[in-house]
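Undergrad: What follows is entry12.cif; its format and atoms are mmCIF, C-alpha atoms.
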```
data_upload
#
loop_
_atom_site.label_atom_id
_atom_site.label_comp_id
_atom_site.auth_asym_id
_atom_site.auth_seq_id
_atom_site.Cartn_x
_atom_site.Cartn_y
_atom_site.Cartn_z
CA MET A 3 0.00 0.00 0.00
CA ALA A 4 1.27 3.45 -0.90
CA GLU A 5 0.85 5.09 2.52
CA ALA A 6 0.23 3.76 5.97
CA ASP A 7 -3.36 4.11 7.07
CA SER A 8 -4.19 5.63 10.43
CA ARG A 9 -6.50 2.70 11.11
CA PRO A 10 -5.43 -0.95 11.52
CA LEU A 11 -6.04 -3.46 8.77
CA THR A 12 -9.26 -5.42 9.04
CA GLY A 13 -8.73 -7.84 6.12
CA VAL A 14 -6.22 -9.22 3.60
CA ALA A 15 -7.14 -11.11 0.41
CA TRP A 16 -5.95 -12.27 -3.00
CA THR A 17 -7.46 -10.58 -6.06
CA SER A 18 -6.92 -10.76 -9.83
CA ASN A 19 -7.13 -7.01 -10.45
CA SER A 20 -8.88 -3.84 -9.33
CA THR A 21 -12.16 -4.91 -11.00
CA THR A 22 -12.40 -8.17 -9.06
CA CYS A 23 -11.17 -6.61 -5.82
CA ALA A 24 -13.64 -6.82 -2.96
CA LYS A 25 -15.39 -3.69 -1.73
CA ASP A 26 -13.32 -1.47 0.61
CA TYR A 27 -10.12 -3.34 -0.39
CA LYS A 28 -7.11 -1.68 -2.06
CA VAL A 29 -4.83 -3.57 -4.43
CA ILE A 30 -1.11 -3.63 -3.63
CA SER A 31 -0.13 -3.41 -7.28
CA SER A 32 3.55 -2.40 -6.98
CA THR A 33 6.60 -3.06 -4.82
CA VAL A 34 8.83 -0.60 -3.02
CA GLU A 35 11.08 -0.68 -6.10
CA ASN A 36 8.09 0.38 -8.28
CA THR A 37 7.89 -2.97 -10.03
CA LEU A 38 4.64 -4.83 -10.77
CA ALA A 39 3.64 -6.95 -7.76
CA ASN A 40 2.00 -9.72 -9.81
CA PHE A 41 2.38 -12.99 -7.92
CA GLY A 42 1.03 -15.44 -10.49
CA LYS A 43 2.43 -14.19 -13.77
CA GLY A 44 5.14 -16.41 -15.22
CA PHE A 45 3.71 -19.68 -13.86
CA GLY A 46 1.81 -20.62 -17.00
CA GLN A 47 -1.16 -18.37 -16.27
CA LYS A 48 -2.58 -15.69 -18.54
CA SER A 49 -3.33 -13.39 -15.60
CA GLY A 50 -1.75 -13.33 -12.19
CA TYR A 51 -3.03 -12.15 -8.82
CA PHE A 52 -2.23 -9.42 -6.33
CA LEU A 53 -2.47 -8.86 -2.63
CA SER A 54 -5.16 -6.50 -1.36
CA ALA A 55 -5.91 -5.10 2.07
CA SER A 56 -8.72 -3.24 3.78
CA SER A 57 -8.88 -0.75 6.64
CA ALA A 58 -12.66 -0.38 6.60
CA PRO A 59 -14.29 -0.28 10.05
CA SER A 60 -14.96 -3.78 11.34
CA GLU A 61 -15.39 -5.67 14.58
CA ASN A 62 -12.06 -7.51 14.04
CA VAL A 63 -8.54 -6.28 13.22
CA VAL A 64 -5.49 -8.05 11.78
CA THR A 65 -2.97 -8.58 14.59
CA ASP A 66 -0.44 -10.80 12.78
CA ILE A 67 0.52 -12.18 9.35
CA GLN A 68 2.40 -15.42 8.64
CA ILE A 69 3.53 -17.37 5.56
CA LEU A 70 3.18 -21.16 5.89
CA SER A 71 4.45 -23.96 3.72
CA GLU A 72 2.00 -26.55 2.44
CA ARG A 73 3.00 -29.00 5.18
CA SER A 74 2.84 -26.56 8.08
CA PRO A 75 -0.30 -26.78 10.21
CA LEU A 76 -2.46 -23.71 10.58
CA PRO A 77 -1.75 -22.09 13.99
CA ALA A 78 -4.60 -21.69 16.43
CA GLY A 79 -6.51 -18.46 15.93
CA TYR A 80 -5.24 -17.95 12.36
CA THR A 81 -7.13 -18.21 9.07
CA PHE A 82 -6.04 -18.27 5.43
CA ILE A 83 -6.75 -15.06 3.54
CA GLY A 84 -9.70 -14.94 1.15
CA GLU A 85 -9.69 -15.00 -2.65
CA THR A 86 -11.59 -12.79 -5.13
CA LEU A 87 -10.27 -14.04 -8.45
CA GLU A 88 -11.28 -14.27 -12.07
CA PRO A 89 -12.63 -17.61 -13.33
CA LYS A 90 -10.04 -20.33 -13.99
CA THR A 91 -7.46 -18.49 -11.89
CA SER A 92 -5.72 -20.58 -9.22
CA ILE A 93 -3.17 -19.77 -6.56
CA SER A 94 -0.16 -21.90 -5.77
CA LYS A 95 -0.57 -23.77 -2.48
CA LYS A 96 3.14 -24.38 -1.88
CA LYS A 97 3.12 -21.34 0.37
CA ARG A 98 0.05 -19.71 1.83
CA ILE A 99 -0.59 -16.50 3.73
CA CYS A 100 -2.64 -16.58 6.92
CA VAL A 101 -3.70 -13.80 9.28
CA LYS A 102 -4.84 -13.61 12.88
CA LEU A 103 -8.04 -11.66 13.48
CA LEU A 104 -9.05 -10.48 16.94
CA PRO A 105 -11.87 -8.23 18.14
CA GLN A 106 -10.96 -4.61 18.63
CA GLY A 107 -9.67 -4.04 22.13
CA ALA A 108 -8.56 -7.67 22.56
CA SER A 109 -4.95 -6.87 21.55
CA ASP A 110 -2.69 -3.87 22.10
CA MET A 111 -0.91 -4.34 18.74
CA ALA A 112 -2.27 -4.62 15.20
CA VAL A 113 -1.06 -4.54 11.59
CA PHE A 114 -1.44 -1.09 10.01
CA ASP A 115 0.26 -1.50 6.60
CA ILE A 116 1.72 -4.03 4.16
CA LYS A 117 4.57 -3.47 1.68
CA LEU A 118 6.25 -5.72 -0.88
CA THR A 119 9.82 -5.93 -2.13
CA SER A 120 11.46 -8.13 -4.71
CA SER A 121 13.31 -11.08 -3.22
CA LYS A 122 16.23 -10.29 -5.50
CA SER A 123 16.79 -6.74 -4.25
CA LYS A 124 17.49 -7.67 -0.62
CA GLN A 125 16.16 -4.24 0.33
CA ALA A 126 14.81 -3.70 3.82
CA VAL A 127 11.84 -1.48 4.62
CA PRO A 128 12.40 0.80 7.63
CA GLN A 129 9.92 0.46 10.52
CA PHE A 130 8.45 -2.67 8.88
CA MET A 131 8.75 -6.27 10.02
CA ARG A 132 9.73 -8.98 7.56
CA VAL A 133 7.03 -11.63 7.31
CA GLY A 134 8.61 -13.92 4.70
CA ASP A 135 9.02 -14.53 0.96
CA ILE A 136 6.50 -16.03 -1.43
CA ASN A 137 6.63 -16.38 -5.24
CA GLY A 138 9.59 -14.03 -5.65
CA PHE A 139 8.34 -11.30 -3.32
CA VAL A 140 9.05 -10.44 0.30
CA ILE A 141 6.11 -9.35 2.47
CA TRP A 142 6.64 -6.70 5.10
CA CYS A 143 4.12 -5.51 7.70
CA LYS A 144 4.01 -2.55 10.03
CA LYS A 145 2.67 -3.10 13.52
CA ASP A 146 1.69 -0.41 15.95
CA LYS A 147 -0.31 0.07 19.11
CA VAL A 148 -4.07 0.18 18.80
CA ALA A 149 -5.81 3.13 20.37
CA ALA A 150 -8.19 2.07 23.09
CA PRO A 151 -11.81 2.38 21.97
CA LYS A 152 -13.57 5.40 23.38
CA PRO A 153 -16.09 4.43 26.07
CA LEU A 154 -19.67 5.15 25.19
CA PRO A 155 -21.22 7.95 27.24
CA LYS A 156 -23.53 6.75 29.97
CA PRO A 157 -27.17 7.70 29.50
CA ARG A 158 -28.19 10.62 31.64
CA SER A 159 -30.78 9.84 34.28
CA PHE A 160 -33.55 12.35 34.94
CA SER A 161 -35.54 12.35 38.15
CA LEU A 162 -39.31 12.60 38.21
CA ASP A 163 -39.06 16.17 39.43
CA VAL A 164 -36.93 17.20 36.44
CA ARG A 165 -39.22 15.38 34.01
CA GLY A 166 -42.20 17.24 35.44
CA LEU A 167 -40.67 20.65 34.77
CA SER A 168 -41.80 22.56 31.70
CA LEU A 169 -40.04 25.47 30.03
CA GLU A 170 -43.35 26.83 28.78
CA SER A 171 -44.69 27.72 32.23
CA ALA A 172 -42.92 29.22 35.23
CA ASP A 173 -45.98 29.14 37.52
CA PRO A 174 -45.12 26.94 40.57
CA THR A 175 -48.80 26.16 41.15
CA GLU A 176 -49.22 24.77 37.65
CA THR A 177 -45.97 22.83 37.98
CA GLN A 178 -47.20 21.26 41.23
CA LEU A 179 -50.46 20.24 39.57
CA ARG A 180 -48.56 18.58 36.73
CA ARG A 181 -46.43 16.63 39.21
CA SER A 182 -49.56 15.46 41.05
CA SER A 183 -51.23 14.37 37.82
CA SER A 184 -48.12 12.52 36.66
CA ALA A 185 -47.76 10.71 39.99
CA ALA A 186 -51.43 9.69 40.17
CA PRO A 187 -52.13 6.10 39.08
CA ALA A 188 -53.81 5.58 35.75
CA ARG A 189 -57.59 5.10 35.98
CA PRO A 190 -59.09 2.12 34.17
CA ASN A 191 -60.79 2.76 30.86
CA VAL A 192 -64.39 2.51 32.07
CA LYS A 193 -67.34 4.00 30.26
CA PRO A 194 -68.72 7.15 31.90
CA ALA A 195 -72.17 5.60 32.27
CA THR A 196 -70.83 3.02 34.72
CA LEU A 197 -69.20 5.67 36.92
CA GLU A 198 -72.25 7.89 37.44
CA ARG A 199 -73.66 6.84 40.81
CA SER A 200 -76.53 9.34 40.58
CA ASN A 201 -78.04 7.35 37.72
CA SER A 202 -77.98 4.09 39.66
CA ILE A 203 -80.89 2.64 41.65
CA TYR A 204 -78.55 2.20 44.62
CA ASP A 205 -78.31 5.08 47.05
CA ALA A 206 -75.46 5.09 49.56
CA THR A 207 -76.63 8.18 51.45
CA ASN A 208 -78.20 6.05 54.19
CA ILE A 209 -77.95 2.51 55.55
CA TYR A 210 -80.94 1.34 53.49
CA GLY A 211 -79.13 2.19 50.29
CA ILE A 212 -76.15 -0.12 50.99
CA THR A 213 -76.29 -3.20 48.82
CA ALA A 214 -74.21 -6.28 48.11
CA MET A 215 -72.76 -4.52 45.07
CA ASP A 216 -70.97 -1.92 47.20
CA GLY A 217 -67.21 -2.52 47.19
CA VAL A 218 -67.35 -4.84 44.17
CA PRO A 219 -64.72 -3.70 41.58
CA PHE A 220 -67.21 -3.51 38.72
CA ALA A 221 -70.62 -1.99 38.06
CA LEU A 222 -73.78 -3.27 36.43
CA HIS A 223 -74.47 -2.24 32.89
CA PRO A 224 -77.03 0.61 32.79
CA LYS A 225 -79.52 -1.47 30.80
CA PHE A 226 -79.92 -3.82 33.80
CA GLU A 227 -80.82 -0.98 36.14
CA ASN A 228 -84.48 0.01 36.50
CA LYS A 229 -84.54 3.77 35.94
CA ASN A 230 -88.26 4.01 36.84
CA ILE A 231 -87.76 3.01 40.48
CA SER A 232 -86.60 5.83 42.67
CA PRO A 233 -84.39 5.29 45.74
CA ASN A 234 -87.25 6.51 47.99
CA MET A 235 -89.46 3.63 46.86
CA TRP A 236 -86.77 1.13 47.83
CA SER A 237 -86.37 2.81 51.22
CA SER A 238 -90.16 2.68 51.91
CA ALA A 239 -90.26 -0.99 50.97
CA PHE A 240 -87.60 -1.79 53.55
CA LEU A 241 -89.37 0.31 56.20
CA ASP A 242 -92.58 -1.82 55.87
CA LEU A 243 -90.73 -5.00 56.77
CA GLN A 244 -91.56 -6.47 60.19
CA ILE A 245 -88.72 -7.98 62.13
CA LYS A 246 -89.77 -11.25 63.83
CA THR A 247 -88.34 -12.69 66.99
CA LEU A 248 -87.17 -16.26 67.42
CA LYS A 249 -90.37 -17.15 69.32
CA ASP A 250 -92.55 -15.70 66.52
CA ILE A 251 -90.71 -17.82 63.96
CA GLU A 252 -91.04 -21.00 66.06
CA ASN A 253 -94.75 -20.43 66.59
CA GLU A 254 -95.36 -19.74 62.91
CA TYR A 255 -93.41 -22.67 61.56
CA ASN A 256 -93.95 -25.16 64.44
CA TYR A 257 -94.65 -28.71 63.27
CA GLY A 258 -95.28 -31.62 65.66
CA PHE A 259 -94.65 -34.56 63.29
CA VAL A 260 -97.83 -36.30 64.63
CA VAL A 261 -98.57 -38.08 61.37
CA GLU A 262 -95.06 -39.43 61.07
CA ARG A 263 -95.00 -40.68 64.63
CA THR A 264 -98.40 -42.38 64.25
CA ALA A 265 -97.30 -44.13 61.10
CA ALA A 266 -94.11 -45.31 62.71
CA ALA A 267 -96.01 -46.73 65.74
CA ARG A 268 -98.25 -48.95 63.63
CA LEU A 269 -97.41 -52.65 63.77
CA PRO A 270 -96.75 -54.41 60.49
CA PRO A 271 -99.58 -56.76 59.31
CA ASN A 272 -99.30 -60.45 60.12
CA VAL A 273 -98.18 -62.57 57.25
CA SER A 274 -99.92 -65.99 57.23
#
```
Represent the structure contained in this file as structure tokens.

TA:
Amino acid sequence: MAEADSRPLTGVAWTSNSTTCAKDYKVISSTVENTLANFGKGFGQKSGYFLSASSAPSENVVTDIQILSERSPLPAGYTFIGETLEPKTSISKKKRICVKLLPQGASDMAVFDIKLTSSKSKQAVPQFMRVGDINGFVIWCKKDKVAAPKPLPKPRSFSLDVRGLSLESADPTETQLRRSSSAAPARPNVKPATLERSNSIYDATNIYGITAMDGVPFALHPKFENKNISPNMWSSAFLDLQIKTLKDIENEYNYGFVVERTAAARLPPNVS
């Protein structure tokens, strides 16, 4: 890459040319000596392939690059770089490039730039680390410290008193009323007809108006209430009732069971 990016690399891949290069990737088309950095040309292929890298924002960053021979096992945490190539284009597997990707903040160091030199020039790149040689080129990478991610600001908490304030009114009385209304519990969505006690046949102004429905958390539908009967009629009906004593009830409903006792005393007929 021509110049080091201020952000760490987030991906490395093989590509045939700039048209097949993946989105947000830049092709490393030349070496430090300004020669064409075509890895595949000269191996019996019509078109070669180039290295490409990306610094686009991502959850992971490249923390290391290695070149492995075909018999070397892939180290833990590493993965081979991707390929965006033209049809019928293949890459030699004698040596392969792998990278280590870690989430941002998981490592203090990351790879910020990649440069290539010809293996014949023996030229070193200042401030870059030599990774290894592959197909006549030497790969160099620049590592640097990763800036710690900025912590997200904590959400501000507002108290109920602050939420109740309004910039449109400076009247303390109105502000107090708004606080009281906001603190009051929500009333159930009940039709107004069921809340009007004056339209009900039940009158709670005296003891004769107390019914079994008082205290029940629901009200009768208005169509079941007799609008033609006034509360005074119900009160007069209760006033005409005569309260009986226990002796009056026993005298009125006294039963001697004479018939039953007579029937039980009869002897059964003789069976001959």

Undergrad: Given the file shown, enumerate the residues that the PyMOL selection byres ((chain A and resi 56-73) around 9) captures and present them as number ranges by chain.

TA: A: 7-15, 25-28, 54-55, 74-76, 80, 95-106, 109-114, 133-136, 141, 143, 145

Undergrad: What is the distance between CA of Gly42 (chain A) and CA of Lys122 (chain A), in Å to one decimal?

TA: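 CA of Lys122 (chain A) lies at a distance of 16.8 Å from CA of Gly42 (chain A).
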
Undergrad: Edge lengths and centre in Å to one decimal, as JSON, is what I'm after for the box along x, y and z that holds all listed atoms of region 98-108 of chain A once 8 Å is added on each side.

TA:
```
{"center_x": -5.9, "center_y": -11.9, "center_z": 12.2, "size_x": 27.9, "size_y": 31.7, "size_z": 36.7}
```

Undergrad: Apply the PyMOL selection byres ((chain A and resi 36) around 12) to the file shown and report the selected residues as a PDB file with C-alpha atoms, in the coordinates of the input.

TA:
```pdb
ATOM      1  CA  MET A   3       0.000   0.000   0.000  1.00  0.00           C
ATOM      2  CA  ALA A   4       1.270   3.450  -0.900  1.00  0.00           C
ATOM      3  CA  ILE A  30      -1.110  -3.630  -3.630  1.00  0.00           C
ATOM      4  CA  SER A  31      -0.130  -3.410  -7.280  1.00  0.00           C
ATOM      5  CA  SER A  32       3.550  -2.400  -6.980  1.00  0.00           C
ATOM      6  CA  THR A  33       6.600  -3.060  -4.820  1.00  0.00           C
ATOM      7  CA  VAL A  34       8.830  -0.600  -3.020  1.00  0.00           C
ATOM      8  CA  GLU A  35      11.080  -0.680  -6.100  1.00  0.00           C
ATOM      9  CA  THR A  37       7.890  -2.970 -10.030  1.00  0.00           C
ATOM     10  CA  LEU A  38       4.640  -4.830 -10.770  1.00  0.00           C
ATOM     11  CA  ALA A  39       3.640  -6.950  -7.760  1.00  0.00           C
ATOM     12  CA  ASN A  40       2.000  -9.720  -9.810  1.00  0.00           C
ATOM     13  CA  LYS A 117       4.570  -3.470   1.680  1.00  0.00           C
ATOM     14  CA  LEU A 118       6.250  -5.720  -0.880  1.00  0.00           C
ATOM     15  CA  THR A 119       9.820  -5.930  -2.130  1.00  0.00           C
ATOM     16  CA  SER A 120      11.460  -8.130  -4.710  1.00  0.00           C
ATOM     17  CA  SER A 123      16.790  -6.740  -4.250  1.00  0.00           C
TER      18      SER A 123
END
```

Undergrad: With the file shown as input, list the residues that the PyMOL selection byres ((chain A and resi 19) around 9) selects, as a PyMOL selection string.

TA: chain A and resi 17-18+20-23+29+31+50-52+87-88

Undergrad: Okay, now the selection with C-alpha atoms, as a PDB file, in the coordinates of the input?

TA:
```pdb
ATOM      1  CA  THR A  17      -7.460 -10.580  -6.060  1.00  0.00           C
ATOM      2  CA  SER A  18      -6.920 -10.760  -9.830  1.00  0.00           C
ATOM      3  CA  SER A  20      -8.880  -3.840  -9.330  1.00  0.00           C
ATOM      4  CA  THR A  21     -12.160  -4.910 -11.000  1.00  0.00           C
ATOM      5  CA  THR A  22     -12.400  -8.170  -9.060  1.00  0.00           C
ATOM      6  CA  CYS A  23     -11.170  -6.610  -5.820  1.00  0.00           C
ATOM      7  CA  VAL A  29      -4.830  -3.570  -4.430  1.00  0.00           C
ATOM      8  CA  SER A  31      -0.130  -3.410  -7.280  1.00  0.00           C
ATOM      9  CA  GLY A  50      -1.750 -13.330 -12.190  1.00  0.00           C
ATOM     10  CA  TYR A  51      -3.030 -12.150  -8.820  1.00  0.00           C
ATOM     11  CA  PHE A  52      -2.230  -9.420  -6.330  1.00  0.00           C
ATOM     12  CA  LEU A  87     -10.270 -14.040  -8.450  1.00  0.00           C
ATOM     13  CA  GLU A  88     -11.280 -14.270 -12.070  1.00  0.00           C
TER      14      GLU A  88
END
```

Undergrad: To one decimal place in Å, what is the distance between CA of Pro128 (chain A) and CA of Leu53 (chain A)?

TA: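 So the answer is 20.5 Å.
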
Undergrad: Between CA of Ala149 (chain A) and CA of Asp115 (chain A), what is the distance in Å, rounded to a tenth?

TA: 15.7 Å

Undergrad: With only C-alpha atoms as the basis for distance, which of A:Phe41, A:Phe82, A:Ser92, A:Val127 is at the shortest distance from Phe139 (chain A)?

TA: A:Phe41

Undergrad: Pick out the closest residue to Gly84 (chain A) from this set: A:Ala24, A:Ile245, A:Val148, A:Arg132. Count all atoms listed in the file.

TA: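 For Gly84 (chain A), the nearest of the given residues is A:Ala24.
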